[in-house]
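What follows is the content of work.pdb, which has PDB, C-alpha atoms, pLDDT in the B column:
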ATOM      1  CA  MET A 270     -42.149 -18.626  46.035  1.00 38.00           C
ATOM      2  CA  LEU A 271     -43.688 -21.510  44.114  1.00 38.00           C
ATOM      3  CA  HIS A 272     -41.993 -22.601  40.917  1.00 42.00           C
ATOM      4  CA  LYS A 273     -44.039 -22.670  37.738  1.00 44.00           C
ATOM      5  CA  THR A 274     -45.139 -26.079  36.484  1.00 44.00           C
ATOM      6  CA  ARG A 275     -45.991 -26.721  32.836  1.00 46.00           C
ATOM      7  CA  PRO A 276     -49.707 -27.460  32.242  1.00 44.00           C
ATOM      8  CA  GLY A 277     -49.114 -30.962  30.871  1.00 46.00           C
ATOM      9  CA  LYS A 278     -46.861 -31.903  33.759  1.00 48.00           C
ATOM     10  CA  LEU A 279     -49.287 -30.411  36.284  1.00 49.00           C
ATOM     11  CA  ALA A 280     -52.246 -32.333  34.881  1.00 48.00           C
ATOM     12  CA  LEU A 281     -50.321 -35.590  34.900  1.00 50.00           C
ATOM     13  CA  LEU A 282     -49.056 -34.908  38.418  1.00 52.00           C
ATOM     14  CA  ILE A 283     -52.561 -34.287  39.716  1.00 51.00           C
ATOM     15  CA  SER A 284     -53.901 -37.438  38.090  1.00 50.00           C
ATOM     16  CA  VAL A 285     -51.111 -39.520  39.622  1.00 50.00           C
ATOM     17  CA  ALA A 286     -51.678 -37.889  42.998  1.00 51.00           C
ATOM     18  CA  ALA A 287     -55.365 -38.704  42.786  1.00 51.00           C
ATOM     19  CA  ALA A 288     -54.540 -42.302  41.935  1.00 48.00           C
ATOM     20  CA  ALA A 289     -52.206 -42.508  44.923  1.00 47.00           C
ATOM     21  CA  LEU A 290     -54.863 -41.187  47.273  1.00 46.00           C
ATOM     22  CA  LEU A 291     -57.762 -43.141  45.822  1.00 43.00           C
ATOM     23  CA  TRP A 292     -55.863 -46.430  45.855  1.00 43.00           C
ATOM     24  CA  ASP A 293     -57.362 -48.842  48.357  1.00 43.00           C
ATOM     25  CA  PRO A 294     -54.534 -50.368  50.449  1.00 41.00           C
ATOM     26  CA  GLY A 295     -56.703 -53.435  50.958  1.00 40.00           C
ATOM     27  CA  PHE A 296     -55.849 -54.557  47.451  1.00 33.00           C
ATOM     28  CA  SER A 297     -52.487 -56.226  46.884  1.00 33.00           C
ATOM     29  CA  SER A 298     -51.905 -54.693  43.460  1.00 35.00           C
ATOM     30  CA  PHE A 299     -53.206 -52.238  40.925  1.00 35.00           C
ATOM     31  CA  VAL A 300     -55.337 -53.321  37.989  1.00 34.00           C
ATOM     32  CA  PRO A 301     -52.955 -53.408  34.998  1.00 36.00           C
ATOM     33  CA  LEU A 302     -53.422 -50.392  32.737  1.00 36.00           C
ATOM     34  CA  VAL A 303     -51.729 -49.012  29.673  1.00 40.00           C
ATOM     35  CA  LEU A 304     -49.829 -46.088  31.191  1.00 47.00           C
ATOM     36  CA  ALA A 305     -49.156 -44.169  28.002  1.00 56.00           C
ATOM     37  CA  HIS A 306     -50.151 -44.088  24.366  1.00 74.00           C
ATOM     38  CA  CYS A 307     -46.917 -43.093  22.667  1.00 83.00           C
ATOM     39  CA  ASP A 308     -46.683 -46.695  21.442  1.00 86.00           C
ATOM     40  CA  THR A 309     -50.140 -46.803  19.824  1.00 88.00           C
ATOM     41  CA  LEU A 310     -50.913 -46.278  16.152  1.00 91.00           C
ATOM     42  CA  ASP A 311     -53.108 -43.283  16.980  1.00 88.00           C
ATOM     43  CA  GLY A 312     -50.686 -41.861  19.558  1.00 87.00           C
ATOM     44  CA  PRO A 313     -48.755 -38.606  19.160  1.00 89.00           C
ATOM     45  CA  VAL A 314     -45.476 -40.229  18.071  1.00 93.00           C
ATOM     46  CA  VAL A 315     -47.005 -42.090  15.132  1.00 95.00           C
ATOM     47  CA  GLN A 316     -49.172 -39.079  14.241  1.00 93.00           C
ATOM     48  CA  ASP A 317     -46.054 -36.960  13.820  1.00 95.00           C
ATOM     49  CA  ALA A 318     -44.308 -39.801  11.987  1.00 97.00           C
ATOM     50  CA  ARG A 319     -47.141 -39.872   9.434  1.00 96.00           C
ATOM     51  CA  LYS A 320     -46.910 -36.103   8.945  1.00 96.00           C
ATOM     52  CA  ALA A 321     -43.140 -36.329   8.503  1.00 97.00           C
ATOM     53  CA  LEU A 322     -43.508 -38.968   5.786  1.00 97.00           C
ATOM     54  CA  GLU A 323     -46.243 -37.076   3.963  1.00 96.00           C
ATOM     55  CA  ALA A 324     -44.185 -33.888   4.012  1.00 96.00           C
ATOM     56  CA  GLY A 325     -40.925 -35.655   3.182  1.00 96.00           C
ATOM     57  CA  ASN A 326     -39.333 -33.870   6.144  1.00 96.00           C
ATOM     58  CA  VAL A 327     -37.953 -35.885   9.044  1.00 96.00           C
ATOM     59  CA  ASP A 328     -37.900 -32.979  11.518  1.00 96.00           C
ATOM     60  CA  ARG A 329     -41.436 -33.685  12.723  1.00 94.00           C
ATOM     61  CA  ALA A 330     -40.288 -37.149  13.806  1.00 95.00           C
ATOM     62  CA  LEU A 331     -36.946 -36.068  15.262  1.00 95.00           C
ATOM     63  CA  ILE A 332     -38.614 -34.136  18.074  1.00 94.00           C
ATOM     64  CA  TRP A 333     -39.487 -37.487  19.693  1.00 94.00           C
ATOM     65  CA  VAL A 334     -35.902 -38.739  20.033  1.00 95.00           C
ATOM     66  CA  ARG A 335     -32.685 -37.639  21.688  1.00 94.00           C
ATOM     67  CA  LYS A 336     -30.032 -35.899  19.632  1.00 94.00           C
ATOM     68  CA  PRO A 337     -27.662 -38.922  19.772  1.00 95.00           C
ATOM     69  CA  ASP A 338     -30.424 -41.016  18.163  1.00 96.00           C
ATOM     70  CA  GLU A 339     -31.069 -38.691  15.230  1.00 96.00           C
ATOM     71  CA  ALA A 340     -28.835 -40.604  12.829  1.00 97.00           C
ATOM     72  CA  GLU A 341     -30.780 -43.839  13.279  1.00 97.00           C
ATOM     73  CA  ILE A 342     -34.097 -42.088  12.637  1.00 97.00           C
ATOM     74  CA  ARG A 343     -32.776 -40.212   9.609  1.00 97.00           C
ATOM     75  CA  GLU A 344     -31.511 -43.476   8.108  1.00 97.00           C
ATOM     76  CA  ALA A 345     -34.829 -45.235   8.745  1.00 97.00           C
ATOM     77  CA  PHE A 346     -36.700 -42.250   7.300  1.00 97.00           C
ATOM     78  CA  ASN A 347     -34.665 -42.214   4.074  1.00 97.00           C
ATOM     79  CA  LYS A 348     -35.074 -45.976   3.629  1.00 97.00           C
ATOM     80  CA  THR A 349     -38.803 -45.635   4.156  1.00 97.00           C
ATOM     81  CA  LEU A 350     -39.156 -42.877   1.569  1.00 97.00           C
ATOM     82  CA  ALA A 351     -37.263 -44.990  -0.969  1.00 96.00           C
ATOM     83  CA  VAL A 352     -39.383 -48.106  -0.409  1.00 96.00           C
ATOM     84  CA  ARG A 353     -42.655 -46.147  -0.415  1.00 96.00           C
ATOM     85  CA  ARG A 354     -42.186 -45.445  -4.124  1.00 94.00           C
ATOM     86  CA  LEU A 355     -42.459 -49.155  -4.974  1.00 95.00           C
ATOM     87  CA  GLY A 356     -46.215 -49.399  -4.562  1.00 94.00           C
ATOM     88  CA  ALA A 357     -49.102 -49.415  -2.104  1.00 93.00           C
ATOM     89  CA  GLU A 358     -48.131 -52.649  -0.334  1.00 94.00           C
ATOM     90  CA  ALA A 359     -44.499 -51.616  -0.061  1.00 96.00           C
ATOM     91  CA  ARG A 360     -45.600 -48.214   1.235  1.00 95.00           C
ATOM     92  CA  GLU A 361     -47.660 -49.807   4.008  1.00 95.00           C
ATOM     93  CA  LEU A 362     -44.797 -52.068   5.101  1.00 96.00           C
ATOM     94  CA  ALA A 363     -42.272 -49.237   4.933  1.00 96.00           C
ATOM     95  CA  ASP A 364     -44.459 -46.916   6.996  1.00 97.00           C
ATOM     96  CA  ARG A 365     -44.921 -49.614   9.622  1.00 96.00           C
ATOM     97  CA  TYR A 366     -41.154 -50.107   9.789  1.00 97.00           C
ATOM     98  CA  PHE A 367     -40.610 -46.389  10.346  1.00 97.00           C
ATOM     99  CA  PHE A 368     -43.330 -46.144  12.995  1.00 97.00           C
ATOM    100  CA  GLU A 369     -41.866 -49.082  14.907  1.00 96.00           C
ATOM    101  CA  THR A 370     -38.344 -47.695  14.686  1.00 97.00           C
ATOM    102  CA  LEU A 371     -39.365 -44.242  15.886  1.00 97.00           C
ATOM    103  CA  VAL A 372     -41.459 -45.537  18.779  1.00 95.00           C
ATOM    104  CA  ARG A 373     -38.750 -48.006  19.827  1.00 96.00           C
ATOM    105  CA  VAL A 374     -36.059 -45.320  19.880  1.00 96.00           C
ATOM    106  CA  HIS A 375     -38.383 -42.874  21.641  1.00 95.00           C
ATOM    107  CA  ARG A 376     -39.198 -45.433  24.344  1.00 91.00           C
ATOM    108  CA  SER A 377     -35.522 -46.173  24.778  1.00 92.00           C
ATOM    109  CA  GLY A 378     -34.864 -42.473  25.311  1.00 91.00           C
ATOM    110  CA  GLU A 379     -37.458 -42.495  28.085  1.00 86.00           C
ATOM    111  CA  GLY A 380     -35.757 -45.493  29.675  1.00 88.00           C
ATOM    112  CA  GLU A 381     -38.783 -47.663  28.920  1.00 87.00           C
ATOM    113  CA  PRO A 382     -38.950 -51.022  27.114  1.00 88.00           C
ATOM    114  CA  TYR A 383     -40.438 -51.296  23.647  1.00 90.00           C
ATOM    115  CA  THR A 384     -43.173 -53.939  23.499  1.00 89.00           C
ATOM    116  CA  GLY A 385     -44.415 -53.331  19.974  1.00 90.00           C
ATOM    117  CA  LEU A 386     -46.936 -51.004  18.382  1.00 89.00           C
ATOM    118  CA  LYS A 387     -50.423 -51.195  19.861  1.00 88.00           C
ATOM    119  CA  PRO A 388     -53.547 -50.905  17.685  1.00 86.00           C
ATOM    120  CA  ALA A 389     -55.387 -47.616  17.357  1.00 84.00           C
ATOM    121  CA  GLY A 390     -57.975 -47.251  20.094  1.00 78.00           C
ATOM    122  CA  SER A 391     -55.949 -49.226  22.648  1.00 80.00           C
ATOM    123  CA  PRO A 392     -56.864 -48.498  26.290  1.00 77.00           C
ATOM    124  CA  VAL A 393     -55.074 -45.513  27.798  1.00 74.00           C
ATOM    125  CA  ASP A 394     -54.804 -44.700  31.482  1.00 75.00           C
ATOM    126  CA  PRO A 395     -57.567 -42.152  32.240  1.00 76.00           C
ATOM    127  CA  GLY A 396     -55.073 -39.837  33.913  1.00 75.00           C
ATOM    128  CA  ILE A 397     -52.823 -39.782  30.857  1.00 76.00           C
ATOM    129  CA  GLU A 398     -55.822 -39.241  28.586  1.00 77.00           C
ATOM    130  CA  ALA A 399     -57.092 -36.352  30.717  1.00 80.00           C
ATOM    131  CA  ALA A 400     -53.636 -34.778  30.880  1.00 79.00           C
ATOM    132  CA  ASP A 401     -53.282 -35.046  27.105  1.00 79.00           C
ATOM    133  CA  ARG A 402     -56.695 -33.454  26.605  1.00 82.00           C
ATOM    134  CA  ALA A 403     -55.631 -30.537  28.790  1.00 84.00           C
ATOM    135  CA  VAL A 404     -52.516 -30.028  26.679  1.00 81.00           C
ATOM    136  CA  GLU A 405     -54.548 -30.206  23.457  1.00 81.00           C
ATOM    137  CA  THR A 406     -57.116 -27.663  24.649  1.00 85.00           C
ATOM    138  CA  GLY A 407     -54.533 -25.420  26.254  1.00 89.00           C
ATOM    139  CA  SER A 408     -56.288 -25.358  29.628  1.00 88.00           C
ATOM    140  CA  VAL A 409     -55.700 -27.466  32.737  1.00 86.00           C
ATOM    141  CA  ASP A 410     -58.167 -25.608  34.962  1.00 88.00           C
ATOM    142  CA  ALA A 411     -61.126 -27.984  34.659  1.00 86.00           C
ATOM    143  CA  LEU A 412     -58.945 -31.042  35.221  1.00 85.00           C
ATOM    144  CA  ALA A 413     -57.103 -29.519  38.163  1.00 85.00           C
ATOM    145  CA  ASP A 414     -60.337 -28.348  39.789  1.00 87.00           C
ATOM    146  CA  ARG A 415     -62.093 -31.705  39.369  1.00 85.00           C
ATOM    147  CA  LEU A 416     -59.198 -33.816  40.599  1.00 83.00           C
ATOM    148  CA  GLY A 417     -58.439 -31.339  43.358  1.00 86.00           C
ATOM    149  CA  ARG A 418     -61.980 -31.764  44.668  1.00 90.00           C
ATOM    150  CA  GLU A 419     -61.740 -35.556  44.445  1.00 87.00           C
ATOM    151  CA  VAL A 420     -58.432 -35.603  46.314  1.00 87.00           C
ATOM    152  CA  ALA A 421     -59.761 -33.271  49.017  1.00 90.00           C
ATOM    153  CA  GLU A 422     -62.892 -35.379  49.461  1.00 91.00           C
ATOM    154  CA  THR A 423     -60.816 -38.543  49.740  1.00 89.00           C
ATOM    155  CA  ILE A 424     -58.503 -37.016  52.350  1.00 91.00           C
ATOM    156  CA  ARG A 425     -61.450 -35.801  54.411  1.00 93.00           C
ATOM    157  CA  SER A 426     -63.216 -39.162  54.171  1.00 93.00           C
ATOM    158  CA  ARG A 427     -60.175 -41.154  55.241  1.00 92.00           C
ATOM    159  CA  PHE A 428     -59.368 -38.653  57.991  1.00 94.00           C
ATOM    160  CA  SER A 429     -62.901 -38.959  59.349  1.00 95.00           C
ATOM    161  CA  SER A 430     -62.514 -42.741  59.382  1.00 94.00           C
ATOM    162  CA  VAL A 431     -59.239 -42.477  61.301  1.00 95.00           C
ATOM    163  CA  MET A 432     -60.733 -40.121  63.890  1.00 96.00           C
ATOM    164  CA  ALA A 433     -63.816 -42.310  64.341  1.00 96.00           C
ATOM    165  CA  LYS A 434     -61.695 -45.395  64.955  1.00 95.00           C
ATOM    166  CA  LYS A 435     -59.330 -43.479  67.220  1.00 94.00           C
ATOM    167  CA  ARG A 436     -62.172 -42.915  69.687  1.00 95.00           C
ATOM    168  CA  HIS A 437     -62.528 -46.684  70.154  1.00 95.00           C
ATOM    169  CA  LYS A 438     -58.931 -47.837  69.788  1.00 92.00           C
ATOM    170  CA  ASP A 439     -58.453 -48.490  73.528  1.00 93.00           C
ATOM    171  CA  GLU A 440     -61.566 -50.635  73.864  1.00 94.00           C
ATOM    172  CA  SER A 441     -59.912 -53.820  72.589  1.00 94.00           C
ATOM    173  CA  VAL A 442     -56.908 -55.124  70.685  1.00 93.00           C
ATOM    174  CA  ALA A 443     -59.082 -55.645  67.597  1.00 94.00           C
ATOM    175  CA  ALA A 444     -60.356 -52.062  67.750  1.00 91.00           C
ATOM    176  CA  GLY A 445     -56.805 -50.799  68.247  1.00 92.00           C
ATOM    177  CA  ARG A 446     -55.573 -52.717  65.216  1.00 92.00           C
ATOM    178  CA  ASP A 447     -58.483 -51.402  63.178  1.00 92.00           C
ATOM    179  CA  TYR A 448     -57.429 -47.873  64.081  1.00 92.00           C
ATOM    180  CA  VAL A 449     -53.763 -48.510  63.315  1.00 92.00           C
ATOM    181  CA  GLU A 450     -54.617 -49.897  59.873  1.00 92.00           C
ATOM    182  CA  ALA A 451     -56.668 -46.815  59.019  1.00 92.00           C
ATOM    183  CA  TYR A 452     -54.037 -44.482  60.501  1.00 92.00           C
ATOM    184  CA  VAL A 453     -51.131 -46.022  58.580  1.00 92.00           C
ATOM    185  CA  ALA A 454     -53.063 -45.977  55.281  1.00 90.00           C
ATOM    186  CA  PHE A 455     -54.002 -42.321  55.794  1.00 92.00           C
ATOM    187  CA  ILE A 456     -50.465 -41.250  56.709  1.00 92.00           C
ATOM    188  CA  HIS A 457     -48.895 -43.062  53.764  1.00 91.00           C
ATOM    189  CA  GLN A 458     -51.356 -41.595  51.283  1.00 89.00           C
ATOM    190  CA  VAL A 459     -50.730 -38.057  52.469  1.00 89.00           C
ATOM    191  CA  GLU A 460     -47.000 -38.792  52.391  1.00 89.00           C
ATOM    192  CA  LYS A 461     -47.300 -39.825  48.732  1.00 87.00           C
ATOM    193  CA  LEU A 462     -49.197 -36.668  47.912  1.00 86.00           C
ATOM    194  CA  HIS A 463     -46.567 -34.469  49.538  1.00 84.00           C
ATOM    195  CA  ALA A 464     -43.796 -36.282  47.657  1.00 86.00           C
ATOM    196  CA  LEU A 465     -45.611 -35.779  44.344  1.00 82.00           C
ATOM    197  CA  LEU A 466     -46.201 -32.099  45.030  1.00 79.00           C
ATOM    198  CA  ALA A 467     -42.544 -31.667  45.962  1.00 77.00           C
ATOM    199  CA  GLY A 468     -41.660 -33.259  42.625  1.00 70.00           C
ATOM    200  CA  ALA A 469     -43.745 -30.637  40.845  1.00 60.00           C
ATOM    201  CA  HIS A 470     -41.426 -27.932  42.121  1.00 58.00           C
ATOM    202  CA  ALA A 471     -38.212 -29.814  41.351  1.00 56.00           C
ATOM    203  CA  PRO A 472     -36.249 -29.100  38.150  1.00 55.00           C
ATOM    204  CA  ASP A 473     -37.859 -30.701  35.105  1.00 52.00           C
ATOM    205  CA  HIS A 474     -35.306 -33.078  33.610  1.00 48.00           C
ATOM    206  CA  GLY A 475     -37.582 -34.312  30.832  1.00 49.00           C
ATOM    207  CA  SER A 476     -36.095 -32.026  28.200  1.00 46.00           C
ATOM    208  CA  GLU A 477     -32.550 -32.858  29.239  1.00 47.00           C
ATOM    209  CA  MET A 478     -33.312 -36.568  29.002  1.00 46.00           C
ATOM    210  CA  MET A 479     -34.617 -36.162  25.454  1.00 52.00           C
ATOM    211  CA  GLY A 480     -31.561 -34.115  24.514  1.00 47.00           C
ATOM    212  CA  HIS A 481     -33.505 -30.899  23.972  1.00 44.00           C
ATOM    213  CA  ARG A 482     -32.158 -27.472  24.840  1.00 39.00           C
ATOM    214  CA  ARG A 483     -34.239 -25.161  26.948  1.00 36.00           C
ATOM    215  CA  ASP A 484     -35.069 -21.722  25.658  1.00 36.00           C
ATOM    216  CA  PRO A 485     -33.562 -19.400  28.306  1.00 33.00           C
ATOM    217  CA  GLY A 486     -36.471 -17.040  27.768  1.00 36.00           C
ATOM    218  CA  HIS A 487     -38.980 -19.584  29.146  1.00 33.00           C
TER     219      HIS A 487
END
What does this structure look like when you write it as structure tokens?
Amino acid sequence: MLHKTRPGKLALLISVAAAALLWDPGFSSFVPLVLAHCDTLDGPVVQDARKALEAGNVDRALIWVRKPDEAEIREAFNKTLAVRRLGAEARELADRYFFETLVRVHRSGEGEPYTGLKPAGSPVDPGIEAADRAVETGSVDALADRLGREVAETIRSRFSSVMAKKRHKDESVAAGRDYVEAYVAFIHQVEKLHALLAGAHAPDHGSEMMGHRRDPGH
């Protein structure tokens, strides 16, 4: 029986799988991309930080950090509220301090380095953006269907290339090497896809990492 996978995780998994399959092994490296937007001023962490400050309730911000880190965020939140009362300029500086603190602690909880807040509108990896859109709309079907088709087409295309080159691999050393290159690339890409799909059915440790408790009813 297949285990259930949360929509957000499924969408992200599919986008990563597509990237793994669509990657051209002829290139030595990927084009650098921003892989997430939790460290941008218009990202979900800062959005909830703004709402927490406006409401005067830190809970909206605490969801982004582990339980052991709550004290640091509460202290930063209280300092920010106090400084905000001193005027518009002080309010802007205080808010920025709180945003940076929350994002830094959140990134640390993910095991990722903090490299500063990025401006609103900063580039986001298309896969992350699509996965986020699926979570916001509450439906992953369109994303899964589109990426599923793209992955299937890529597998078929690369398989056809392997089979075409296989027919000529014994004609010369060059032809044989051409076949081997295509074969190895095809095998490794399918291997990556299988590993990613296996990960989808493994226990989700994301909540444990963030210090959240699972609801036994879900």
Coordinates-based distance that separates atom CA of A:Asp308 from atom CA of A:Leu386 (Å, one decimal): 5.3 Å
How would you write, as a VMD selection string, the residues chosen by the PyMOL selection byres ((chain A and resi 343) around 12) on this structure? chain A and resid 318 321 to 322 325 to 332 334 336 to 342 344 to 350 367 370 to 371 374
With all atoms of stretch 451-457 of chain A from the file as input, state the centre and edge lengths in Å to one decimal of the axis-aligned box that has 6 Å extra on each side, as AutoDock Vina command-line options.
--center_x -52.8 --center_y -44.0 --center_z 57.1 --size_x 19.8 --size_y 17.6 --size_z 18.7
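By chain and then residue number, the residues within 12 Å of stretch 441-449 of chain A are Arg427, Phe428, Ser429, Ser430, Val431, Met432, Ala433, Lys434, Lys435, Arg436, His437, Val453, Ala454, Phe455 and Ile456 of chain A, counting all atoms listed in the file and disregarding those fewer than 4 positions away in sequence.
Between atom CA of A:Arg365 and atom CA of A:Val393 lies a distance of 21.2 Å.
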For atom CA of A:Ala351 and atom CA of A:Ala363, the interatomic separation in Å (one decimal): 8.8 Å
Mind checking which residues fall within 9 Å of A:Tyr383, counting all atoms listed in the file, ignoring those fewer than 5 positions away in the same chain, and posting them as a list of chain:residue names? A:Asp308, A:Val372, A:Arg373, A:Val374, A:His375, A:Arg376, A:Ser377
